[in-house]
Amino acid sequence: PAPITRLVPVQGLGCEAAVGSLVPSGSREFKLCSKHTEGKHPLHAIGFNFADARYYDVFATAGGNRVTTYRGLPDGNLAVLQAYIDADVDAQSFYTLSWASDLAGTPLLVAAGSNRVIRVINCATGKLFKSLIGHGGSINEIRTQPLKPSLFISASKDESVRLWNVHTGICILIFAGTGGHRHDVLSVDFHPSDMHQIASCGIDNTVKIWSMKEFRPYVQKSFTWTDLPSKFPTKVVQFPLMTCVVHSNYVNCTRWLGDFILSKSVENEIVLWEPKTKEQGHGEGSIDVLQKYPVPDC
């Protein structure tokens with residue numbers, strides 16, 4: 001069998017506070033014992049199934065025109081569960097994936113990339129569940145709503161962020177337009193506890209904070225819609241709560257950390273900051289930079 005990657009802690013408890021450094025002394029350290037090589041294409045994404053605790057030991061990888069699911073075994077080895085090969089061999093290269101579920105709790109894997117089509121794979125049956133079309137450019141990132149895993153968002157080269165219902169295949173909201181991004185959207189994330197807030201970032205050097213709060217009726221309607229998904233009254237959201245300029249170059253990753261945000265550009269550092277938005281008055285607010293973590297060659 002092919003050698004398998006296994007990370008083993010070798011010292012320390014890893015409970016010491018880390019301020020201003022990603023490698024504090026006395027932290028838990030890991031060493032590479034072996035590695036697993038998958039195909040000839042580079043892997044662009046990997047993700048554990050945090051949407052369903054029953055599958056805590058299952059993860060997926062995406063690269064080329066292939067998405068593969070694995071189970072981590074107690075002895076540190078990996079078991080290949082499924083492999084999905086996209087029929088669009090020449091045009092498709094998967095860049096991103098995220099785990100989701102339908103209303104019945106079925107484990108679904110959402111993946112997308114260069115050919116602009118979002119593939120939803122039913123991991124219970126091993127078959128393609130849906131193909132979602134709407135973006136006009138390659139799709140750079142997909143993230144699932146942690147409090148409602150039937151919802152996910154996608155960030156695209158077409159300068160938009162879209163909210164989808166994986167159960168019905170409906171595109172609910174499109175975040176784009178007058179106040180939206182002016183170039184490729186590279187990363188997007190849901191707030192972990194406030195399901196109405198989204199952060200997105202891209203090549204226009206900005207991080208934008210969006211709110212879905214006033215559009216809740218559209219989200220609710222998407223779960224009961226019985227007509228064709230193309231006939232759903234998708235709403236375009238043109239103005240974010242605020243636009244933040246934290247970096248001097250393009251921003252290729254953003255993640256919520258509670259009410260704070262971690263973002264990264266090409267400046268060899270990750271910035272932790274707090275957006276202070278005003279619910280009334282789009283574009284108003286301020287930011288407080290809390291900490292910068294140096295990361296060489298990132």
# chains A, B, ... in the order shown; residues from 1 in each chain; ligands from 1

$ select_by_dssp --residues "stretch 3-225 of chain A" --states "strand (DSSP E)" --output "PyMOL selection string"
chain A and resi 7-9+30-32+45-48+58-63+66-72+78-85+94-101+107-113+118-122+127-132+139-144+151-156+161-165+170-175+185-190+197-202+207-211

$ closest_atom_pairs --of "stretch 111-193 of chain A" --to "stretch 252-260 of chain A" --cutoff "10 Å" --atoms "only C-alpha atoms" --output "JSON lines"
{"residue": "A:Asn140", "atom": "CA", "partner": "A:Asn252", "partner_atom": "CA", "distance": 9.8}
{"residue": "A:Glu141", "atom": "CA", "partner": "A:Cys253", "partner_atom": "CA", "distance": 9.6}
{"residue": "A:Asp184", "atom": "CA", "partner": "A:Asn252", "partner_atom": "CA", "distance": 9.9}
{"residue": "A:Val185", "atom": "CA", "partner": "A:Asn252", "partner_atom": "CA", "distance": 8.4}
{"residue": "A:Leu186", "atom": "CA", "partner": "A:Asn252", "partner_atom": "CA", "distance": 5.4}
{"residue": "A:Ser187", "atom": "CA", "partner": "A:Cys253", "partner_atom": "CA", "distance": 5.1}
{"residue": "A:Val188", "atom": "CA", "partner": "A:Thr254", "partner_atom": "CA", "distance": 6.4}
{"residue": "A:Asp189", "atom": "CA", "partner": "A:Arg255", "partner_atom": "CA", "distance": 5.8}
{"residue": "A:Phe190", "atom": "CA", "partner": "A:Trp256", "partner_atom": "CA", "distance": 7.1}
{"residue": "A:His191", "atom": "CA", "partner": "A:Trp256", "partner_atom": "CA", "distance": 5.7}
{"residue": "A:Pro192", "atom": "CA", "partner": "A:Gly258", "partner_atom": "CA", "distance": 6.5}
{"residue": "A:Ser193", "atom": "CA", "partner": "A:Gly258", "partner_atom": "CA", "distance": 7.5}

$ write_last_selection --atoms "C-alpha atoms" --output "PDB file, in the first residue's frame"
ATOM      1  CA  ASN A 140     -12.380  29.995  -5.812  1.00  0.00           C
ATOM      2  CA  GLU A 141     -13.961  29.019  -2.497  1.00  0.00           C
ATOM      3  CA  ASP A 184     -11.983  38.305  -8.413  1.00  0.00           C
ATOM      4  CA  VAL A 185     -13.376  37.211  -5.040  1.00  0.00           C
ATOM      5  CA  LEU A 186     -10.826  34.788  -3.602  1.00  0.00           C
ATOM      6  CA  SER A 187     -12.187  33.826  -0.184  1.00  0.00           C
ATOM      7  CA  VAL A 188     -15.401  33.953   1.821  1.00  0.00           C
ATOM      8  CA  ASP A 189     -16.568  32.827   5.261  1.00  0.00           C
ATOM      9  CA  PHE A 190     -19.660  32.682   7.483  1.00  0.00           C
ATOM     10  CA  HIS A 191     -19.626  34.168  10.971  1.00  0.00           C
ATOM     11  CA  PRO A 192     -19.516  31.157  13.360  1.00  0.00           C
ATOM     12  CA  SER A 193     -22.425  32.256  15.570  1.00  0.00           C
TER      13      SER A 193
END

$ closest_atom_pairs --of "stretch 37-102 of chain A" --to "stretch 115-124 of chain A" --cutoff "9 Å" --atoms "only C-alpha atoms" --output "tab-separated table"
residue	atom	partner	partner_atom	distance
A:Thr69	CA	A:Cys123	CA	8.6
A:Gln82	CA	A:Cys123	CA	7.9
A:Tyr84	CA	A:Ile121	CA	8.1
A:Asp86	CA	A:Arg119	CA	8.8
A:Asp88	CA	A:Asn115	CA	8.2
A:Ala91	CA	A:Asn115	CA	5.6
A:Gln92	CA	A:Asn115	CA	5.1
A:Ser93	CA	A:Asn115	CA	7.2
A:Phe94	CA	A:Asn115	CA	8.5
A:Ser101	CA	A:Asn122	CA	8.9

$ closest_residue --among "A:Glu159, A:Glu29, A:Glu267, A:Glu274" --to "A:Asp297" --atoms "only C-alpha atoms"
A:Glu267

$ closest_residue --among "A:Met195, A:Ala155, A:Val219, A:Ile142" --to "A:Thr168" --atoms "only C-alpha atoms"
A:Val219

$ atom_distance --atom1 "atom CA of A:Val110" --atom2 "atom CA of A:Asp194"
22.3 Å

$ closest_residue --among "A:Leu262, A:Ala53, A:Ala111, A:Ala100" --to "A:Arg66" --atoms "only C-alpha atoms"
A:Ala111

$ closest_residue --among "A:Ser138, A:Asn205, A:Thr125, A:Thr68" --to "A:Tyr250" --atoms "only C-alpha atoms"
A:Asn205

$ residues_around --residues "A:Asp288" --least-positions-apart "5" --cutoff "8 Å" --atoms "only C-alpha atoms" --output "ChimeraX atom specification"
/A:273-276

$ closest_residue --among "A:His181, A:Trp225, A:Cys298, A:Gln197" --to "A:Thr243" --atoms "only C-alpha atoms"
A:His181
